[in-house]
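A.B. asks: Here it is, the structure, as structure tokens.
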Number of protein chains: 2
Amino acid sequence: MTKHYILQHAVDEFAHFGYEGFSTNKFSQKIELNKATIYYHFKDKKNLYQEVLLYLSENNTDGVTRLMGSEMNSRRKLEGYIRLYVQSIKKHPQIVPIGLRETANYGSGIDDIFAREIARDMEQLETIIAGLPLKAKYKKYKAHEIKAFISGTVKTYYAMQRSSAFQKSQRADGEILDHIGSFVTDCLLDALCEDKGE
Amino acid sequence: MTKHYILQHAVDEFAHFGYEGFSTNKFSQKIELNKATIYYHFKDKKNLYQEVLLYLSENNTDGVTRLMGSEMNSRRKLEGYIRLYVQSIKKHPQIVPIGLRETANYGSGIDDIFAREIARDMEQLETIIAGLPLKAKYKKYKAHEIKAFISGTVKTYYAMQRSSAFQKSQRADGEILDHIGSFVTDCLLDALCEDKGE
DNA sequence: GTCTATATAACGATAGAC
DNA sequence: GTCTATCGTTATATAGAC
């Protein structure tokens with residue numbers, strides 16, 4: 001299906017150049033399809049980008065919802081939450097640059113549907129945290145700080161490892177992401193939770 | 001001085017729209033200066049952007065260097081390192097969106113001078129970490145993970161608080177940044193270091 | 001559903017008057 | 001040092017043939 005073909009390649013193109021840097025001219029040439037064909041399948045550039053965002057966020061919330069319904073304790077649920085996040089980036093590494101740019105735009109390009117998905121994700125993380133045996137000094141922190149820790153650290157580390165400004169370790173994506181995922185999980189649990197609590 | 005006037009406003013414009021989204025036409029109208037005047041003071045758009053990056057990174061490395069030469073123990077030095085980072089964003093909040101987009105670009109727009117500054121910063125952080133009484137399980141982590149934690153979490157949290165997609169707390173910049181700075185500091189020291197070590 | 005051809009606007013950048 | 005005027009290019013988007 002042509003529409004799917006366009007979408008798949010648009011994910012890479014937006015990840016590489018960003019929304020403003022994305023050119024329909026160059027993109028159509030690169031994927032060897034006429035520009036008008038793209039406009040037949042997608043209303044405009046903005047619509048194509050929104051579909052890309054939707055495609056990248058698919059099934060993420062489902063996994064977390066399944067996790068919430070499980071019998072695990074809160075420590076395991078937080079581990080699972082981070083693992084699901086890492087897995088989503090393994091599946092679609094384009095989430096990293098696209099997500100970082102969205103963060104940089106202070107959510108100006110986020111529509112209502114997306115805002116609601118974000119709110120739901122934040123509520124689920126909030127629930128997990130509420131079940132943790134938090135040390136007293138960490139009780140003032142909520143889901144926002146933890147979310148910023150997880151997504152900020154994982155994306156930044158992945159981008160650093162892919163960056164030309166740092167010595168490239170040339171490790172595979174999966175290895176890099178598992179590594180930083182473990183760091184975030186260990187760091188969070190060791191810092192925030194009472195020893196061997198729960 | 002006109003050149004400084006242009007630069008000051010360019011910082012805001014690039015922070016708002018990104019490099020590709022920055023229009024010399026609109027920018028010149030906004031600051032009520034002729035477009036040709038801008039091109040008299042700056043060779044081209046790329047040069048203006050590089051000067052913006054340079055302006056935003058001024059004096060940051062100096063503070064860290066001063067910190068390194070002090071008599072503090074490594075815990076205090078790490079606290080100081082994070083505080084200096086937070087202060088640099090307080091002084092120039094535009095670092096957040098611009099920095100996030102640079103990270104998203106995997107360092108493709110970073111020239112050699114900048115790459116060397118980054119490398120030096122990383123070495124200094126490495127030295128601080130080497131002096132910490134790390135728990136055995138954290139000895140495998142280096143400056144890259146810690147750097148990603150600090151800069152990723154602070155920037156992401158600040159952007160989230162400024163974002164329309166989240167409930168805005170309407171706190172002032174300084175308050176937001178001190179808050180997340182404390183979180184990062186506490187979290188890092190509590191997780192990584194042996195209790196009351198050193 | 002995919003193409004050719006084109007409309008219209010904005011882009012970055014510069015020549016030259018003052 | 002700042003302006004007017006304009007160049008050449010590229011951008012997003014569409015009308016209409018097939």
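Ordering of the structure tokens sets the chain letters (A, B, ...), residue numbers begin anew at 1 in every chain, and ligands are numbered from 1 in the order given.
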Residues within 10 Å of DA5 (chain C), please, as a PDB file with N, CA and C atoms (P, O5', C5', C4', C3', O3' and C1' of nucleotides), in the first residue's frame. Count only C-alpha atoms (C1' of nucleotides); anything in the same chain fewer than 2 positions from it doesn't count.
C.D. replies:
ATOM      1  P    DC C   3       4.149   8.384  -9.760  1.00  0.00           P
ATOM      2  O5'  DC C   3       3.807   9.443 -10.905  1.00  0.00           O
ATOM      3  C5'  DC C   3       4.191   9.184 -12.245  1.00  0.00           C
ATOM      4  C4'  DC C   3       3.479  10.119 -13.192  1.00  0.00           C
ATOM      5  C3'  DC C   3       4.081  11.512 -13.305  1.00  0.00           C
ATOM      6  O3'  DC C   3       5.109  11.512 -14.291  1.00  0.00           O
ATOM      7  C1'  DC C   3       1.686  11.610 -13.212  1.00  0.00           C
ATOM      8  P    DA C   7       1.385  29.153 -14.265  1.00  0.00           P
ATOM      9  O5'  DA C   7       0.618  29.657 -12.953  1.00  0.00           O
ATOM     10  C5'  DA C   7      -0.583  28.990 -12.555  1.00  0.00           C
ATOM     11  C4'  DA C   7      -0.731  29.094 -11.045  1.00  0.00           C
ATOM     12  C3'  DA C   7      -0.314  30.457 -10.487  1.00  0.00           C
ATOM     13  O3'  DA C   7      -1.366  30.974  -9.688  1.00  0.00           O
ATOM     14  C1'  DA C   7       0.777  28.688  -9.318  1.00  0.00           C
TER      15       DA C   7
ATOM     16  P    DA D  15      -7.088  22.905  -7.009  1.00  0.00           P
ATOM     17  O5'  DA D  15      -7.215  23.288  -8.552  1.00  0.00           O
ATOM     18  C5'  DA D  15      -6.274  24.192  -9.152  1.00  0.00           C
ATOM     19  C4'  DA D  15      -6.050  23.820 -10.617  1.00  0.00           C
ATOM     20  C3'  DA D  15      -7.174  23.006 -11.248  1.00  0.00           C
ATOM     21  O3'  DA D  15      -7.339  23.426 -12.603  1.00  0.00           O
ATOM     22  C1'  DA D  15      -5.182  21.757 -11.352  1.00  0.00           C
ATOM     23  P    DG D  16      -8.579  22.918 -13.502  1.00  0.00           P
ATOM     24  O5'  DG D  16      -7.901  21.772 -14.378  1.00  0.00           O
ATOM     25  C5'  DG D  16      -6.718  22.060 -15.118  1.00  0.00           C
ATOM     26  C4'  DG D  16      -6.144  20.772 -15.673  1.00  0.00           C
ATOM     27  C3'  DG D  16      -7.188  19.790 -16.252  1.00  0.00           C
ATOM     28  O3'  DG D  16      -6.628  19.188 -17.409  1.00  0.00           O
ATOM     29  C1'  DG D  16      -5.901  18.694 -14.670  1.00  0.00           C
TER      30       DG D  16
END
A.B. asks: Which residues of chain D have any atom within 10 Å of an atom in chain A when counting only C-alpha atoms (C1' of nucleotides), and what is the closest pair of atoms for each, with the distance in Å to one decimal? Order the rows by chain and rising number and write it as JSON lines.
C.D. replies:
{"residue": "D:DT10", "atom": "C1'", "partner": "A:Asn25", "partner_atom": "CA", "distance": 9.0}
{"residue": "D:DA11", "atom": "C1'", "partner": "A:Ser23", "partner_atom": "CA", "distance": 7.6}
{"residue": "D:DT12", "atom": "C1'", "partner": "A:Thr24", "partner_atom": "CA", "distance": 7.7}
{"residue": "D:DA13", "atom": "C1'", "partner": "A:Asp44", "partner_atom": "CA", "distance": 7.9}
{"residue": "D:DT14", "atom": "C1'", "partner": "A:Ala36", "partner_atom": "CA", "distance": 8.3}
A.B. asks: Counting only C-alpha atoms (C1' of nucleotides), collect the residues of chain C whose closest atom lies at most 10 Å from chain B, and write them out as a PyMOL selection string.
C.D. replies: chain C and resi 10-14
A.B. asks: Keeping only N, CA, C and O atoms (P, O5', C5', C4', C3', O3' and C1' of nucleotides), write the selected residues to a file as an mmCIF file, in the first residue's frame.
C.D. replies:
data_model
loop_
_atom_site.group_PDB
_atom_site.id
_atom_site.type_symbol
_atom_site.label_atom_id
_atom_site.label_comp_id
_atom_site.auth_asym_id
_atom_site.auth_seq_id
_atom_site.Cartn_x
_atom_site.Cartn_y
_atom_site.Cartn_z
ATOM 1 P P DA C 10 4.128 34.848 1.888
ATOM 2 O "O5'" DA C 10 5.552 34.175 2.107
ATOM 3 C "C5'" DA C 10 5.613 32.871 2.649
ATOM 4 C "C4'" DA C 10 7.038 32.387 2.571
ATOM 5 C "C3'" DA C 10 8.034 33.352 3.226
ATOM 6 O "O3'" DA C 10 8.654 32.710 4.333
ATOM 7 C "C1'" DA C 10 8.760 32.652 1.042
ATOM 8 P P DC C 11 9.817 33.382 5.104
ATOM 9 O "O5'" DC C 11 11.125 32.807 4.427
ATOM 10 C "C5'" DC C 11 11.297 31.384 4.344
ATOM 11 C "C4'" DC C 11 12.495 31.074 3.479
ATOM 12 C "C3'" DC C 11 13.707 31.926 3.778
ATOM 13 O "O3'" DC C 11 14.417 31.353 4.852
ATOM 14 C "C1'" DC C 11 13.393 31.667 1.415
ATOM 15 P P DG C 12 15.444 32.226 5.648
ATOM 16 O "O5'" DG C 12 16.737 32.233 4.708
ATOM 17 C "C5'" DG C 12 17.331 31.001 4.341
ATOM 18 C "C4'" DG C 12 18.437 31.264 3.338
ATOM 19 C "C3'" DG C 12 19.553 32.164 3.864
ATOM 20 O "O3'" DG C 12 20.810 31.667 3.423
ATOM 21 C "C1'" DG C 12 18.580 33.162 1.953
ATOM 22 P P DA C 13 22.141 32.438 3.909
ATOM 23 O "O5'" DA C 13 22.373 33.546 2.796
ATOM 24 C "C5'" DA C 13 22.565 33.124 1.443
ATOM 25 C "C4'" DA C 13 22.597 34.336 0.536
ATOM 26 C "C3'" DA C 13 23.605 35.425 0.928
ATOM 27 O "O3'" DA C 13 24.638 35.450 -0.048
ATOM 28 C "C1'" DA C 13 21.516 36.326 0.187
ATOM 29 P P DT C 14 25.875 36.447 0.141
ATOM 30 O "O5'" DT C 14 25.523 37.644 -0.850
ATOM 31 C "C5'" DT C 14 25.081 37.331 -2.175
ATOM 32 C "C4'" DT C 14 24.751 38.587 -2.929
ATOM 33 C "C3'" DT C 14 25.727 39.755 -2.752
ATOM 34 O "O3'" DT C 14 25.955 40.337 -4.028
ATOM 35 C "C1'" DT C 14 23.556 40.486 -2.344
#
A.B. asks: Quick one: contact table of chain A to chain B, 6 Å max, nearest atom pair and distance in Å to one decimal per residue, counting only C-alpha atoms, chain and number order, as a Markdown table?
C.D. replies:
| residue | atom | partner | partner_atom | distance |
| --- | --- | --- | --- | --- |
| A:Glu20 | CA | B:Glu20 | CA | 5.5 |
| A:Gly21 | CA | B:Glu20 | CA | 5.6 |
| A:Pro97 | CA | B:Ala104 | CA | 4.2 |
| A:Leu100 | CA | B:Ala104 | CA | 5.7 |
| A:Arg101 | CA | B:Arg101 | CA | 5.4 |
| A:Ala104 | CA | B:Pro97 | CA | 4.2 |
| A:Tyr106 | CA | B:Ser163 | CA | 4.2 |
| A:Gly107 | CA | B:Ser163 | CA | 5.1 |
| A:Ala115 | CA | B:Ala165 | CA | 5.2 |
| A:Ala148 | CA | B:Tyr157 | CA | 5.1 |
| A:Phe149 | CA | B:Thr153 | CA | 4.7 |
| A:Gly152 | CA | B:Gly152 | CA | 4.2 |
| A:Thr153 | CA | B:Phe149 | CA | 4.7 |
| A:Thr156 | CA | B:Ala148 | CA | 5.4 |
| A:Tyr157 | CA | B:Ala148 | CA | 5.1 |
| A:Ala159 | CA | B:Tyr106 | CA | 5.7 |
| A:Ser163 | CA | B:Tyr106 | CA | 4.2 |
| A:Ser164 | CA | B:Gly107 | CA | 5.6 |
| A:Ala165 | CA | B:Ala115 | CA | 5.2 |
| A:Cys187 | CA | B:Ala191 | CA | 5.2 |
| A:Asp190 | CA | B:Ala191 | CA | 4.9 |
| A:Ala191 | CA | B:Ala191 | CA | 4.3 |
A.B. asks: Just how far from CA of Ser88 (chain A) is CA of Thr2 (chain A), in Å to one decimal?
C.D. replies: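 Separation of CA of Thr2 (chain A) and CA of Ser88 (chain A): 24.8 Å.
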A.B. asks: Give me the residues near Lys91 (chain B) as a list in words, where near means some atom within 10 Å (using only C-alpha atoms (C1' of nucleotides)) and where sequence neighbours in that chain fewer than 6 positions away do not count.
C.D. replies: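 What passes the distance filter is Leu56, Asp173 and Gly174 of chain B.
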A.B. asks: Would you pick out the contacts of Arg66 (chain B) at 12 Å or less, using only C-alpha atoms (C1' of nucleotides), so that residues sharing its chain but fewer than 3 positions from it are not included, and give the list as a PDB file with C-alpha atoms, in the first residue's frame?
C.D. replies:
ATOM      1  CA  ASN B  59      31.475  31.295  31.093  1.00  0.00           C
ATOM      2  CA  ASN B  60      30.016  27.863  31.742  1.00  0.00           C
ATOM      3  CA  THR B  61      33.298  26.013  31.423  1.00  0.00           C
ATOM      4  CA  ASP B  62      35.038  28.705  33.458  1.00  0.00           C
ATOM      5  CA  GLY B  63      32.836  28.016  36.474  1.00  0.00           C
ATOM      6  CA  GLY B  69      40.490  23.628  41.570  1.00  0.00           C
ATOM      7  CA  SER B  70      38.659  24.066  44.862  1.00  0.00           C
ATOM      8  CA  GLU B  71      39.241  22.116  48.069  1.00  0.00           C
ATOM      9  CA  MET B  72      35.792  20.529  48.167  1.00  0.00           C
ATOM     10  CA  LYS B  77      31.975  19.125  43.575  1.00  0.00           C
ATOM     11  CA  GLY B  80      28.486  22.334  42.491  1.00  0.00           C
ATOM     12  CA  TYR B  81      28.623  20.965  38.955  1.00  0.00           C
ATOM     13  CA  LEU B  84      26.430  25.568  37.836  1.00  0.00           C
ATOM     14  CA  GLN B 124      35.949  17.329  34.245  1.00  0.00           C
TER      15      GLN B 124
END
A.B. asks: Among region 26-66 of chain A, which ones does DSSP place in alpha helix (DSSP H), written as a VMD selection string?
C.D. replies: chain A and resid 26 to 30 35 to 41 45 to 57 60 to 66
